[in-house]
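Shown next: model.cif, given as mmCIF, C-alpha atoms.
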data_structure
loop_
_atom_site.label_atom_id
_atom_site.label_comp_id
_atom_site.auth_asym_id
_atom_site.auth_seq_id
_atom_site.Cartn_x
_atom_site.Cartn_y
_atom_site.Cartn_z
CA MET A 170 1.02 26.92 -18.99
CA ASN A 171 -2.12 25.42 -17.55
CA ASN A 172 -3.59 24.55 -20.92
CA LEU A 173 -4.24 21.08 -19.68
CA LEU A 174 -7.90 20.16 -19.29
CA LYS A 175 -8.74 19.47 -15.69
CA LYS A 176 -10.05 16.01 -16.56
CA ASP A 177 -6.79 15.07 -18.27
CA ALA A 178 -4.72 16.65 -15.55
CA LEU A 179 -6.53 14.56 -12.95
CA ALA A 180 -5.98 11.35 -14.90
CA GLN A 181 -2.30 12.19 -15.37
CA TYR A 182 -1.91 13.12 -11.74
CA ALA A 183 -3.45 9.92 -10.38
CA ALA A 184 -1.38 7.85 -12.83
CA GLN A 185 1.82 9.67 -11.97
CA ILE A 186 1.39 8.93 -8.25
CA GLY A 187 0.54 5.36 -9.15
CA ASP A 188 3.69 5.10 -11.28
CA ASN A 189 5.85 5.83 -8.24
CA GLY A 190 4.21 3.00 -6.31
CA LEU A 191 4.22 0.49 -9.15
CA ILE A 192 7.82 1.03 -10.17
CA ILE A 193 9.39 1.01 -6.71
CA GLY A 194 7.05 -1.85 -5.76
CA HIS A 195 8.18 -3.81 -8.81
CA ARG A 196 11.81 -3.10 -8.04
CA MET A 197 11.34 -4.39 -4.49
CA SER A 198 9.53 -7.48 -5.75
CA GLU A 199 12.67 -8.32 -7.74
CA TRP A 200 14.20 -9.20 -4.36
CA CYS A 201 11.70 -12.04 -3.92
CA PHE A 202 13.59 -15.21 -2.90
CA ARG A 203 16.85 -13.23 -2.87
CA CYS A 204 16.74 -11.40 0.49
CA PRO A 205 19.48 -12.08 3.02
CA ALA A 206 17.03 -13.33 5.68
CA ILE A 207 13.40 -14.39 5.73
CA GLU A 208 12.26 -11.51 7.96
CA MET A 209 13.79 -9.04 5.53
CA GLU A 210 12.13 -10.79 2.64
CA MET A 211 8.69 -10.74 4.24
CA ALA A 212 9.05 -7.10 5.19
CA LEU A 213 10.17 -6.01 1.76
CA MET A 214 7.47 -8.03 -0.01
CA ASN A 215 4.79 -6.68 2.33
CA CYS A 216 5.90 -3.12 1.62
CA ALA A 217 6.01 -3.85 -2.12
CA LEU A 218 2.49 -5.25 -1.96
CA ASP A 219 1.23 -2.08 -0.24
CA LEU A 220 2.84 0.09 -2.90
CA ILE A 221 1.50 -1.95 -5.80
CA GLY A 222 -1.94 -1.99 -4.12
CA GLN A 223 -1.86 1.79 -3.88
CA ALA A 224 -0.89 1.96 -7.56
CA ARG A 225 -3.88 -0.20 -8.48
CA ALA A 226 -6.31 2.13 -6.73
CA LEU A 227 -4.68 5.15 -8.37
CA TYR A 228 -4.69 3.62 -11.86
CA SER A 229 -8.33 2.63 -11.51
CA TYR A 230 -9.13 6.18 -10.56
CA ALA A 231 -7.03 7.56 -13.43
CA GLY A 232 -9.05 5.36 -15.79
CA THR A 233 -12.31 6.76 -14.41
CA ALA A 234 -11.07 10.35 -14.63
CA ASP A 235 -9.81 9.82 -18.15
CA GLY A 236 -13.24 8.63 -19.25
CA GLN A 237 -11.89 6.41 -22.02
CA GLY A 238 -12.58 3.15 -20.29
CA LYS A 239 -8.96 2.39 -19.42
CA THR A 240 -8.39 -0.13 -16.66
CA GLU A 241 -5.61 -0.45 -14.11
CA ASP A 242 -4.06 -3.13 -16.34
CA ASP A 243 -3.97 -0.76 -19.32
CA TYR A 244 -1.97 1.66 -17.23
CA ALA A 245 0.46 -0.91 -15.90
CA TYR A 246 0.89 -3.19 -18.88
CA LEU A 247 0.08 -1.31 -22.06
CA ARG A 248 1.82 2.02 -21.76
CA ASP A 249 5.24 2.68 -23.18
CA GLU A 250 8.31 4.02 -21.51
CA PRO A 251 7.70 7.79 -22.01
CA ASP A 252 4.16 7.46 -20.59
CA PHE A 253 5.46 6.50 -17.15
CA ARG A 254 6.05 9.55 -14.95
CA ASN A 255 7.49 7.96 -11.84
CA ALA A 256 10.33 9.75 -10.08
CA LEU A 257 13.77 8.54 -11.19
CA LEU A 258 14.51 7.48 -7.63
CA THR A 259 11.89 4.71 -7.80
CA GLU A 260 13.49 3.03 -10.82
CA ALA A 261 17.04 3.03 -9.45
CA PRO A 262 18.51 -0.49 -9.58
CA ASN A 263 18.27 -2.64 -6.46
CA GLY A 264 22.03 -2.84 -6.02
CA ASP A 265 22.85 -4.30 -2.63
CA TRP A 266 20.59 -4.34 0.44
CA GLY A 267 21.89 -0.91 1.43
CA ASP A 268 20.96 0.62 -1.94
CA THR A 269 17.47 -0.85 -1.68
CA ILE A 270 17.02 0.40 1.88
CA VAL A 271 18.25 3.93 1.13
CA ARG A 272 15.94 4.15 -1.89
CA LEU A 273 12.99 2.97 0.22
CA PHE A 274 13.92 5.31 3.05
CA PHE A 275 14.16 8.42 0.84
CA MET A 276 10.91 7.48 -0.88
CA SER A 277 9.04 6.58 2.33
CA ALA A 278 10.01 9.87 3.98
CA TYR A 279 8.56 11.61 0.92
CA ASN A 280 5.51 9.33 0.79
CA LYS A 281 4.68 9.94 4.44
CA LEU A 282 4.55 13.70 3.87
CA PHE A 283 2.95 13.41 0.46
CA PHE A 284 0.09 11.14 1.53
CA THR A 285 -0.51 13.19 4.67
CA ALA A 286 -1.09 16.16 2.37
CA LEU A 287 -3.03 14.15 -0.23
CA ALA A 288 -5.44 13.02 2.50
CA GLU A 289 -6.54 16.68 2.61
CA SER A 290 -7.16 16.89 -1.15
CA THR A 291 -10.47 18.43 -2.23
CA ASP A 292 -10.85 15.39 -4.50
CA SER A 293 -12.55 12.85 -2.27
CA GLN A 294 -11.15 9.73 -3.97
CA LEU A 295 -7.57 11.02 -3.88
CA ALA A 296 -8.10 11.98 -0.25
CA ALA A 297 -9.37 8.47 0.52
CA ILE A 298 -6.38 6.86 -1.21
CA GLY A 299 -4.09 9.29 0.62
CA ALA A 300 -5.49 8.43 4.05
CA LYS A 301 -5.33 4.70 3.32
CA SER A 302 -1.79 4.82 1.94
CA LEU A 303 -0.52 6.96 4.80
CA LYS A 304 -1.07 4.13 7.28
CA GLU A 305 1.01 1.81 5.12
CA VAL A 306 3.90 4.12 4.25
CA THR A 307 4.31 5.00 7.93
CA TYR A 308 5.37 1.38 8.45
CA HIS A 309 7.69 1.57 5.45
CA LEU A 310 9.35 4.64 6.88
CA ARG A 311 9.88 3.00 10.25
CA PHE A 312 11.19 -0.22 8.73
CA SER A 313 13.63 1.56 6.40
CA SER A 314 14.73 4.03 9.10
CA GLU A 315 15.62 1.19 11.45
CA TRP A 316 17.70 -0.39 8.71
CA MET A 317 19.40 2.93 7.91
CA ILE A 318 20.52 3.12 11.54
CA ARG A 319 21.48 -0.53 11.72
CA LEU A 320 23.63 -0.31 8.59
CA GLY A 321 25.05 3.16 9.17
CA ASP A 322 25.87 2.58 12.80
CA GLY A 323 26.80 -1.05 12.23
CA THR A 324 30.12 -2.41 11.10
CA GLU A 325 32.81 -0.52 9.27
CA GLU A 326 31.86 -2.23 6.06
CA SER A 327 28.10 -1.65 6.40
CA HIS A 328 28.75 2.00 7.19
CA ARG A 329 31.00 2.47 4.20
CA ARG A 330 28.61 0.73 1.85
CA VAL A 331 25.43 2.46 2.98
CA GLN A 332 27.16 5.84 2.85
CA LYS A 333 28.01 5.06 -0.76
CA SER A 334 24.32 4.23 -1.40
CA VAL A 335 23.27 7.56 0.14
CA ASP A 336 25.77 9.43 -2.02
CA GLN A 337 24.75 7.62 -5.19
CA LEU A 338 20.99 8.02 -4.75
CA TRP A 339 21.10 11.59 -3.45
CA PRO A 340 20.93 13.31 -6.89
CA TYR A 341 17.63 11.51 -7.54
CA THR A 342 15.82 12.92 -4.51
CA GLY A 343 15.44 16.52 -5.74
CA GLU A 344 13.08 15.53 -8.54
CA LEU A 345 10.45 14.48 -6.01
CA PHE A 346 9.92 18.13 -5.09
CA THR A 347 9.45 19.46 -8.62
CA MET A 348 5.99 20.21 -10.04
CA THR A 349 4.58 18.76 -13.26
CA GLU A 350 2.07 20.56 -15.44
CA ALA A 351 -0.71 18.36 -14.09
CA GLU A 352 0.26 19.19 -10.52
CA GLU A 353 0.29 22.92 -11.29
CA THR A 354 -3.07 22.73 -13.05
CA LEU A 355 -4.76 20.99 -10.14
CA LEU A 356 -3.16 23.08 -7.44
CA LYS A 357 -5.52 26.01 -7.47
CA ASP A 358 -8.55 23.82 -6.74
CA GLY A 359 -6.76 22.12 -3.91
CA VAL A 360 -6.73 18.75 -5.70
CA SER A 361 -2.97 18.27 -5.95
CA VAL A 362 -0.24 18.57 -3.37
CA ASP A 363 2.32 21.36 -3.63
CA VAL A 364 5.31 19.05 -3.30
CA ARG A 365 7.74 21.98 -3.10
CA LEU A 366 6.41 22.67 0.38
CA LEU A 367 7.29 19.16 1.56
CA LYS A 368 11.03 19.64 1.17
CA PRO A 369 11.87 21.29 4.55
CA GLU A 370 10.11 18.54 6.51
CA TRP A 371 11.66 15.84 4.33
CA ASP A 372 15.08 17.37 5.05
CA GLN A 373 14.31 17.22 8.74
CA ILE A 374 13.36 13.52 8.68
CA VAL A 375 16.37 12.63 6.54
CA ASN A 376 18.83 14.69 8.58
CA ASP A 377 17.56 13.15 11.79
CA ILE A 378 17.90 9.55 10.60
CA LEU A 379 21.24 10.16 8.88
CA ALA A 380 22.55 11.62 12.15
CA GLN A 381 21.30 8.62 14.15
CA ALA A 382 22.89 6.37 11.55
CA THR A 383 26.20 8.29 11.81
CA LEU A 384 25.98 8.95 8.08
CA SER A 385 26.73 12.24 6.40
CA ARG A 386 24.37 14.13 4.17
CA PRO A 387 25.78 14.90 0.73
CA GLN A 388 26.48 18.60 0.29
CA ASN A 389 25.75 18.94 -3.40
CA ASP A 390 22.00 19.34 -3.95
CA TRP A 391 22.13 19.24 -7.75
CA ALA A 392 19.20 17.11 -8.87
CA GLN A 393 18.78 14.80 -11.83
CA SER A 394 15.35 15.10 -13.45
CA GLY A 395 13.49 14.17 -16.61
CA SER A 396 11.21 11.27 -15.78
CA LYS A 397 8.54 12.96 -13.70
CA ALA A 398 8.05 15.88 -16.08
CA LYS A 399 8.86 14.37 -19.46
CA GLY A 400 9.01 10.61 -19.19
CA ILE A 401 12.74 10.52 -19.93
CA HIS A 402 14.02 7.57 -17.95
CA SER A 403 17.28 6.00 -17.00
CA GLU A 404 18.59 3.16 -19.13
CA GLU A 405 17.41 0.61 -16.57
CA PHE A 406 13.76 1.51 -16.98
CA GLY A 407 13.34 -0.32 -20.28
CA TYR A 408 14.36 -3.54 -18.58
CA ILE A 409 11.76 -3.02 -15.86
CA ILE A 410 8.84 -2.75 -18.25
CA THR A 411 10.19 -5.45 -20.51
CA ASP A 412 10.01 -7.79 -17.56
CA MET A 413 6.75 -6.43 -16.15
CA GLN A 414 4.83 -6.21 -19.42
CA PHE A 415 6.10 -9.33 -21.16
CA LEU A 416 3.03 -11.46 -20.54
CA GLN A 417 0.50 -8.87 -21.71
CA ARG A 418 2.58 -8.01 -24.76
CA ARG A 419 3.12 -11.62 -25.76
CA TYR A 420 -0.40 -12.81 -24.90
CA PRO A 421 -2.65 -9.73 -25.20
CA GLY A 422 -5.67 -9.82 -22.89
CA CYS A 423 -4.33 -12.77 -20.93
CA GLU A 424 -6.05 -13.21 -17.58
CA TRP A 425 -5.40 -15.29 -14.48
CA MET B 246 -28.09 -21.48 -8.38
CA THR B 247 -31.35 -20.04 -7.15
CA ALA B 248 -33.00 -18.04 -9.88
CA ILE B 249 -35.66 -16.30 -7.86
CA GLN B 250 -34.52 -13.56 -5.58
CA LYS B 251 -36.06 -13.37 -2.17
CA THR B 252 -37.25 -10.25 -0.45
CA PHE B 253 -34.30 -8.57 1.19
CA ASP B 254 -33.76 -9.38 4.81
CA SER B 255 -30.83 -7.35 6.15
CA ALA B 256 -30.41 -9.49 9.26
CA GLU B 257 -30.26 -12.64 7.16
CA ILE B 258 -27.73 -11.06 4.80
CA TRP B 259 -25.48 -10.12 7.71
CA THR B 260 -25.73 -13.69 8.98
CA ILE B 261 -24.74 -14.97 5.55
CA LEU B 262 -21.77 -12.59 5.48
CA GLU B 263 -20.68 -13.88 8.88
CA GLY B 264 -20.29 -17.27 7.25
CA ILE B 265 -17.61 -15.93 4.89
CA LYS B 266 -14.16 -16.39 6.39
CA ASP B 267 -10.93 -14.60 5.74
CA PRO B 268 -8.78 -17.00 3.67
CA GLU B 269 -5.65 -16.21 5.70
CA ILE B 270 -7.30 -16.28 9.12
CA PRO B 271 -10.10 -18.81 8.74
CA VAL B 272 -11.48 -18.29 12.26
CA LEU B 273 -12.49 -14.73 11.43
CA SER B 274 -15.39 -13.75 9.26
CA ILE B 275 -15.43 -10.64 7.13
CA VAL B 276 -17.88 -9.20 9.65
CA ASP B 277 -15.53 -9.90 12.61
CA LEU B 278 -12.73 -8.17 10.70
CA GLY B 279 -14.80 -5.15 9.79
CA ILE B 280 -14.21 -5.77 6.09
CA ALA B 281 -17.97 -5.96 5.41
CA ARG B 282 -19.02 -2.39 6.16
CA ASP B 283 -22.58 -2.03 5.03
CA VAL B 284 -25.54 -3.75 3.41
CA ARG B 285 -27.69 -1.49 1.27
CA VAL B 286 -30.84 -2.15 -0.68
CA HIS B 287 -31.59 0.11 -3.61
CA ASP B 288 -34.99 0.78 -5.05
CA ALA B 289 -35.98 -1.54 -7.90
CA LYS B 290 -37.21 1.32 -10.07
CA ALA B 291 -33.81 2.89 -10.25
CA GLN B 292 -32.23 -0.27 -11.57
CA ASP B 293 -31.49 -1.56 -15.02
CA ALA B 294 -33.24 -4.56 -16.42
CA GLY B 295 -31.70 -7.81 -15.30
CA ASN B 296 -31.74 -7.03 -11.64
CA SER B 297 -34.36 -8.36 -9.36
CA GLU B 298 -37.76 -6.73 -9.17
CA ASN B 299 -37.07 -6.40 -5.48
CA GLY B 300 -34.25 -3.98 -6.13
CA GLN B 301 -30.51 -4.15 -6.05
CA LEU B 302 -28.48 -5.39 -3.14
CA GLU B 303 -25.19 -3.62 -2.51
CA ILE B 304 -22.48 -4.84 -0.17
CA ILE B 305 -19.83 -2.31 0.86
CA ILE B 306 -16.41 -3.74 1.66
CA SER B 307 -13.23 -2.10 2.81
CA PRO B 308 -9.75 -3.58 2.23
CA THR B 309 -7.48 -4.04 5.23
CA TYR B 310 -4.35 -3.12 3.24
CA SER B 311 -4.18 -1.57 -0.25
CA GLY B 312 -2.42 -4.60 -1.64
CA CYS B 313 -4.41 -7.24 0.24
CA PRO B 314 -4.41 -10.17 -2.21
CA ALA B 315 -7.53 -11.65 -0.59
CA MET B 316 -9.90 -8.89 -1.69
CA TYR B 317 -10.63 -10.24 -5.16
CA MET B 318 -11.22 -13.71 -3.76
CA LEU B 319 -13.49 -12.33 -1.04
CA GLU B 320 -15.56 -10.47 -3.62
CA GLN B 321 -16.09 -13.69 -5.54
CA GLU B 322 -16.87 -15.53 -2.33
CA ILE B 323 -19.48 -12.93 -1.31
CA ARG B 324 -21.07 -13.10 -4.74
CA LYS B 325 -21.17 -16.89 -4.75
CA THR B 326 -22.43 -17.25 -1.18
CA LEU B 327 -25.20 -14.68 -1.57
CA THR B 328 -26.28 -16.26 -4.85
CA ASN B 329 -26.45 -19.66 -3.19
CA HIS B 330 -28.65 -18.18 -0.49
CA GLY B 331 -31.09 -16.74 -3.01
CA TYR B 332 -29.65 -13.26 -3.46
CA PRO B 333 -28.23 -13.26 -6.97
CA THR B 334 -26.38 -10.37 -8.64
CA PRO B 335 -25.30 -8.45 -5.58
CA MET B 336 -23.31 -5.32 -6.31
CA ILE B 337 -20.01 -5.20 -4.43
CA THR B 338 -18.48 -1.82 -3.85
CA THR B 339 -15.02 -1.22 -2.42
CA SER B 340 -14.82 1.76 -0.12
CA LEU B 341 -11.49 3.29 0.90
CA SER B 342 -12.85 6.06 3.08
CA PRO B 343 -12.85 5.98 6.03
CA ALA B 344 -9.72 3.83 5.83
CA TRP B 345 -10.01 0.41 7.46
CA THR B 346 -8.74 0.27 11.00
CA THR B 347 -8.24 -2.57 13.46
CA ASP B 348 -10.61 -0.65 15.76
CA TRP B 349 -13.39 -2.05 13.57
CA MET B 350 -12.61 -5.60 14.59
CA THR B 351 -15.39 -6.91 16.81
CA GLU B 352 -14.72 -7.99 20.41
CA GLU B 353 -15.90 -11.44 19.39
CA GLY B 354 -13.38 -11.33 16.56
CA LYS B 355 -10.56 -10.44 18.96
CA ARG B 356 -11.49 -13.34 21.24
CA LYS B 357 -11.51 -15.79 18.33
CA LEU B 358 -8.19 -14.43 17.10
CA GLU B 359 -6.52 -14.99 20.46
CA ALA B 360 -7.96 -18.49 20.79
CA TYR B 361 -6.53 -19.21 17.33
CA GLY B 362 -3.07 -18.23 18.55
CA ILE B 363 -2.76 -14.72 17.12
CA ALA B 364 -2.43 -11.82 19.56
CA PRO B 365 -5.29 -9.39 18.80
CA PRO B 366 -4.61 -5.74 17.95
CA GLU B 367 -4.38 -3.12 20.66
CA LYS B 368 -6.42 0.05 20.33
CA THR B 369 -4.82 2.38 17.81
CA THR B 370 -2.74 5.22 19.08
CA ARG B 371 -3.47 8.64 17.73
CA ASN B 372 0.07 9.93 17.88
CA LYS B 373 1.36 9.07 14.44
CA ALA B 374 4.24 11.52 14.66
CA VAL B 375 6.37 9.19 16.75
CA LEU B 376 8.50 7.05 14.47
CA PHE B 377 10.13 4.74 16.97
CA GLY B 378 9.36 3.72 20.49
CA GLY B 379 5.96 3.33 22.04
CA GLN B 380 6.24 -0.40 21.45
CA LYS B 381 3.31 -1.97 23.23
CA LYS B 382 3.49 -4.93 25.57
CA ILE B 383 1.81 -7.68 23.63
CA ALA B 384 0.40 -10.59 25.60
CA CYS B 385 1.42 -14.04 24.42
CA PRO B 386 -1.73 -15.81 23.20
CA LYS B 387 -0.48 -19.11 24.71
CA CYS B 388 0.67 -18.23 28.24
CA LYS B 389 -0.66 -14.62 28.48
CA SER B 390 2.71 -13.28 29.59
CA THR B 391 3.40 -9.75 28.39
CA ASN B 392 7.14 -10.45 28.53
CA SER B 393 7.35 -10.57 24.75
CA GLU B 394 9.54 -9.07 22.05
CA GLN B 395 9.09 -8.18 18.42
CA ILE B 396 11.10 -10.33 16.01
CA SER B 397 9.89 -8.72 12.83
CA GLU B 398 7.56 -5.86 12.13
CA PHE B 399 6.22 -7.78 9.16
CA GLY B 400 4.83 -11.28 9.37
CA SER B 401 3.27 -13.88 7.12
CA THR B 402 0.68 -11.39 5.87
CA ALA B 403 0.61 -7.59 5.68
CA CYS B 404 -1.66 -7.37 8.72
CA LYS B 405 0.62 -9.31 11.09
CA ALA B 406 3.92 -8.81 12.88
CA LEU B 407 6.09 -11.55 14.36
CA TYR B 408 6.66 -11.73 18.13
CA ARG B 409 8.27 -14.13 20.58
CA CYS B 410 7.28 -14.83 24.16
CA ARG B 411 10.29 -14.61 26.48
CA ASP B 412 8.60 -16.80 29.09
CA CYS B 413 7.14 -19.76 27.23
CA LYS B 414 9.51 -19.18 24.26
CA GLU B 415 6.73 -19.53 21.72
CA PRO B 416 6.90 -17.38 18.60
CA PHE B 417 3.52 -15.92 17.70
CA ASP B 418 1.79 -13.60 15.26
CA TYR B 419 0.48 -10.24 16.40
CA PHE B 420 -2.31 -8.62 14.43
CA LYS B 421 -0.84 -5.15 14.21
CA CYS B 422 -3.05 -2.18 14.75
CA ILE B 423 -3.45 0.40 12.03
#
Just dump the structure as structure tokens.
Amino acid sequence: MNNLLKKDALAQYAAQIGDNGLIIGHRMSEWCFRCPAIEMEMALMNCALDLIGQARALYSYAGTADGQGKTEDDYAYLRDEPDFRNALLTEAPNGDWGDTIVRLFFMSAYNKLFFTALAESTDSQLAAIGAKSLKEVTYHLRFSSEWMIRLGDGTEESHRRVQKSVDQLWPYTGELFTMTEAEETLLKDGVSVDVRLLKPEWDQIVNDILAQATLSRPQNDWAQSGSKAKGIHSEEFGYIITDMQFLQRRYPGCEW
Amino acid sequence: MTAIQKTFDSAEIWTILEGIKDPEIPVLSIVDLGIARDVRVHDAKAQDAGNSENGQLEIIISPTYSGCPAMYMLEQEIRKTLTNHGYPTPMITTSLSPAWTTDWMTEEGKRKLEAYGIAPPEKTTRNKAVLFGGQKKIACPKCKSTNSEQISEFGSTACKALYRCRDCKEPFDYFKCI
């Protein structure tokens, strides 16, 4: 354990946080022109833009920490599947509007707590990104919470469907609170966030909103894992990067 | 265009920056918005060859939102405008800390925003723990009535929310405070 060089751990850590933002942001952008109403579309695209913007700042920083001259584009477009260390939750398919909202809600509740803690990092750039991102994810949490309540406490059909989304996505939430080697390595200097400590408060937020939404919390806390620690993804992930990286793979170095 | 760099004049540089407008809200300059944070002049001796003998000019900018698509364009605009005014090769640095807040918007900026038809941001609230509620009464920029309601928390750009006036029935943008 802890054989990782601090420099490499920092690069991995920044990239891993960025991966969460890029992948869920990309997933949300897949809704573009497909949302049920224009307000929902604008909201989802605005949130996606925030998340992808956060990823850009994190990838740029990872490139600096790595010291090999990698750019944000190298991180997003030229890495292969096992290099991405996003949480499995972020790559879950869009499904219906309820699935997308539940995924965003679970992730935003985590992001709010995570970025609050990251804003206190001893690494000044991570702290700056944390403080900046916190303002944005607070909006995401409010937006997705309102929708959780609207769907859960809505019609019989919306309740049934969003409960199904909660049940289906639940096994992917536990991975958020597991530590990677990079996170462990950086913990003693106060650079990384101890995500295990965020779980009780996350539970509180989730329980509160689920109750308001008249939804029930799944009882089985068994968690699927593999992506965050080892880069082992779900089948869907390959399709995400195939779509996202196509242009740079087909036309290397292509610029706007 | 101009090859020879002038002696740095901070006041003039700020005036030049005031001429650069936000592409989404063309009545506001990057100074009104608080995007342009600082103008710094670095000693010539510390600089690499290729920079002016008068030293290096650095402009510090801060993005409103992480994903603001206007930032790259603004950087190019700052570079181009300063070059045209005789300050070539400015260095443009993006600063994330402290994070941009609507509190940095100038009073003049808020007046221009309202005249343009966008309700200006309220002062930020410190209590970030409250998830719902605390919805502020936003005055309609047309008829000034505060009898308004939020239609959508997200508007045409990341920095705006959509409201509707219940009195004059006009929908309007509100520059949300962060």
Worksheet item: Quick one: which residues end up in the PyMOL selection byres ((chain A and resi 286) around 9) for this structure, as a list of chain:residue names?
Response: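 Checking the PyMOL selection byres ((chain A and resi 286) around 9) against this file, the residues are A:Lys281, A:Leu282, A:Phe283, A:Phe284, A:Thr285, A:Leu287, A:Ala288, A:Glu289, A:Ser290, A:Ala296, A:Gly299, A:Ser361, A:Val362, A:Asp363, A:Leu367.
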Worksheet item: Quick one, how far is atom CA of Ala382 of chain A from atom CA of Ser401 of chain B?
Response: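 A separation of 28.5 Å between them.
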Item to complete: Select residues of chain A: the criterion is any atom within 9 Å of an atom of chain B, counting only C-alpha atoms; output as a PyMOL selection string.
Response: chain A and resi 208-209+211-226+293-294+296-298+300-302+304-305+307-308+310-312+314-315
Residue members of the PyMOL selection byres ((chain A and resi 368-381) around 9) in the file shown, as an mmCIF file with C-alpha atoms, in the coordinates of the input:
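After the write, out-v8.cif holds the following:
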data_model
loop_
_atom_site.group_PDB
_atom_site.id
_atom_site.type_symbol
_atom_site.label_atom_id
_atom_site.label_comp_id
_atom_site.auth_asym_id
_atom_site.auth_seq_id
_atom_site.Cartn_x
_atom_site.Cartn_y
_atom_site.Cartn_z
ATOM 1 C CA PHE A 274 13.920 5.310 3.050
ATOM 2 C CA PHE A 275 14.160 8.420 0.840
ATOM 3 C CA ALA A 278 10.010 9.870 3.980
ATOM 4 C CA TYR A 279 8.560 11.610 0.920
ATOM 5 C CA LEU A 282 4.550 13.700 3.870
ATOM 6 C CA SER A 314 14.730 4.030 9.100
ATOM 7 C CA GLU A 315 15.620 1.190 11.450
ATOM 8 C CA MET A 317 19.400 2.930 7.910
ATOM 9 C CA ILE A 318 20.520 3.120 11.540
ATOM 10 C CA GLY A 321 25.050 3.160 9.170
ATOM 11 C CA ASP A 322 25.870 2.580 12.800
ATOM 12 C CA GLY A 343 15.440 16.520 -5.740
ATOM 13 C CA LEU A 345 10.450 14.480 -6.010
ATOM 14 C CA PHE A 346 9.920 18.130 -5.090
ATOM 15 C CA VAL A 364 5.310 19.050 -3.300
ATOM 16 C CA ARG A 365 7.740 21.980 -3.100
ATOM 17 C CA LEU A 366 6.410 22.670 0.380
ATOM 18 C CA LEU A 367 7.290 19.160 1.560
ATOM 19 C CA ALA A 382 22.890 6.370 11.550
ATOM 20 C CA THR A 383 26.200 8.290 11.810
ATOM 21 C CA LEU A 384 25.980 8.950 8.080
ATOM 22 C CA SER A 385 26.730 12.240 6.400
ATOM 23 C CA ARG A 386 24.370 14.130 4.170
#
Practice prompt. Apply the PyMOL selection byres ((chain A and resi 399) around 10) to the structure shown and report the selected residues as a PyMOL selection string.
Written response: chain A and resi 251-254+349+394-398+400-402
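From atom CA of Ala360 of chain B back to atom CA of Asp418 of chain B, the distance works out to 12.2 Å.
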Worksheet item: Restricting the calculation to only C-alpha atoms, which member of B:Pro271, B:Pro333, B:Lys381, B:Lys405 is positioned closest to Gln301 of chain B?
Response: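 Checking each candidate against Gln301 of chain B, we get B:Pro333 as the closest.
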Item to complete: Could you check which of B:Thr351, B:Asn392, B:Ser274, B:Ser255 is closest to Ile323 of chain B, using only C-alpha atoms?
Response: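 Of the candidates, the smallest distance to Ile323 of chain B is held by B:Ser274.
The residue that comes closest to Trp349 of chain B, out of B:Asp267, B:Asp277, B:Asp254, B:Asp283 and on the basis of all atoms listed in the file, is B:Asp277.
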Worksheet item: With only C-alpha atoms as the atoms that count, which of A:Glu405, A:Asp268, A:Asp390, A:Glu352 lies nearest to Gln185 of chain A?
Response: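 Closest to Gln185 of chain A of all the choices is A:Glu352.
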Please provide the set of residues having any atom within 12 Å of Trp425 of chain A, restricted to only C-alpha atoms, with same-chain residues fewer than 4 positions apart removed, written as a PDB file with C-alpha atoms, keeping the file's coordinate frame.
ATOM      1  CA  LEU A 416       3.030 -11.460 -20.540  1.00  0.00           C
ATOM      2  CA  GLN A 417       0.500  -8.870 -21.710  1.00  0.00           C
ATOM      3  CA  TYR A 420      -0.400 -12.810 -24.900  1.00  0.00           C
TER       4      TYR A 420
ATOM      5  CA  TYR B 317     -10.630 -10.240  -5.160  1.00  0.00           C
TER       6      TYR B 317
END
Worksheet entry | atom CA of His287 of chain B to atom CA of Thr240 of chain A, distance in Å rounded to a single decimal | 26.6 Å
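Proximity of B:Leu278, B:Ser307, B:Glu269, B:Thr334 to Glu352 of chain B, computed with all atoms listed in the file, is greatest for B:Leu278.
Look at everything within 6 Å of (2.9, -9.8, 21.1) using all atoms listed in the file, and the residues you get are Ala364, Ile383, Ala384, Cys385, Ser393, Tyr408 and Tyr419 of chain B.
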Item to complete: Give the answer as one residue: which of B:Cys410, B:Met316, B:Ile270, B:Ile261 has the shortest atom-to-atom distance to Cys388 of chain B, using only C-alpha atoms?
Response: B:Cys410
Worksheet entry | Surrounding residues of Glu241 of chain A excluding itself and chain neighbours under 6 positions, 10 Å, only C-alpha atoms, as a VMD selection string | chain A and resid 184 187 224 to 233 247
Discussion item. Can you tell me which residues surround Asp235 of chain A at a distance of at most 7 Å, considering all atoms listed in the file, apart from same-chain residues fewer than 5 positions away, and format the answer as a list in words?
Written reply: Lys176, Asp177 and Ala180 of chain A
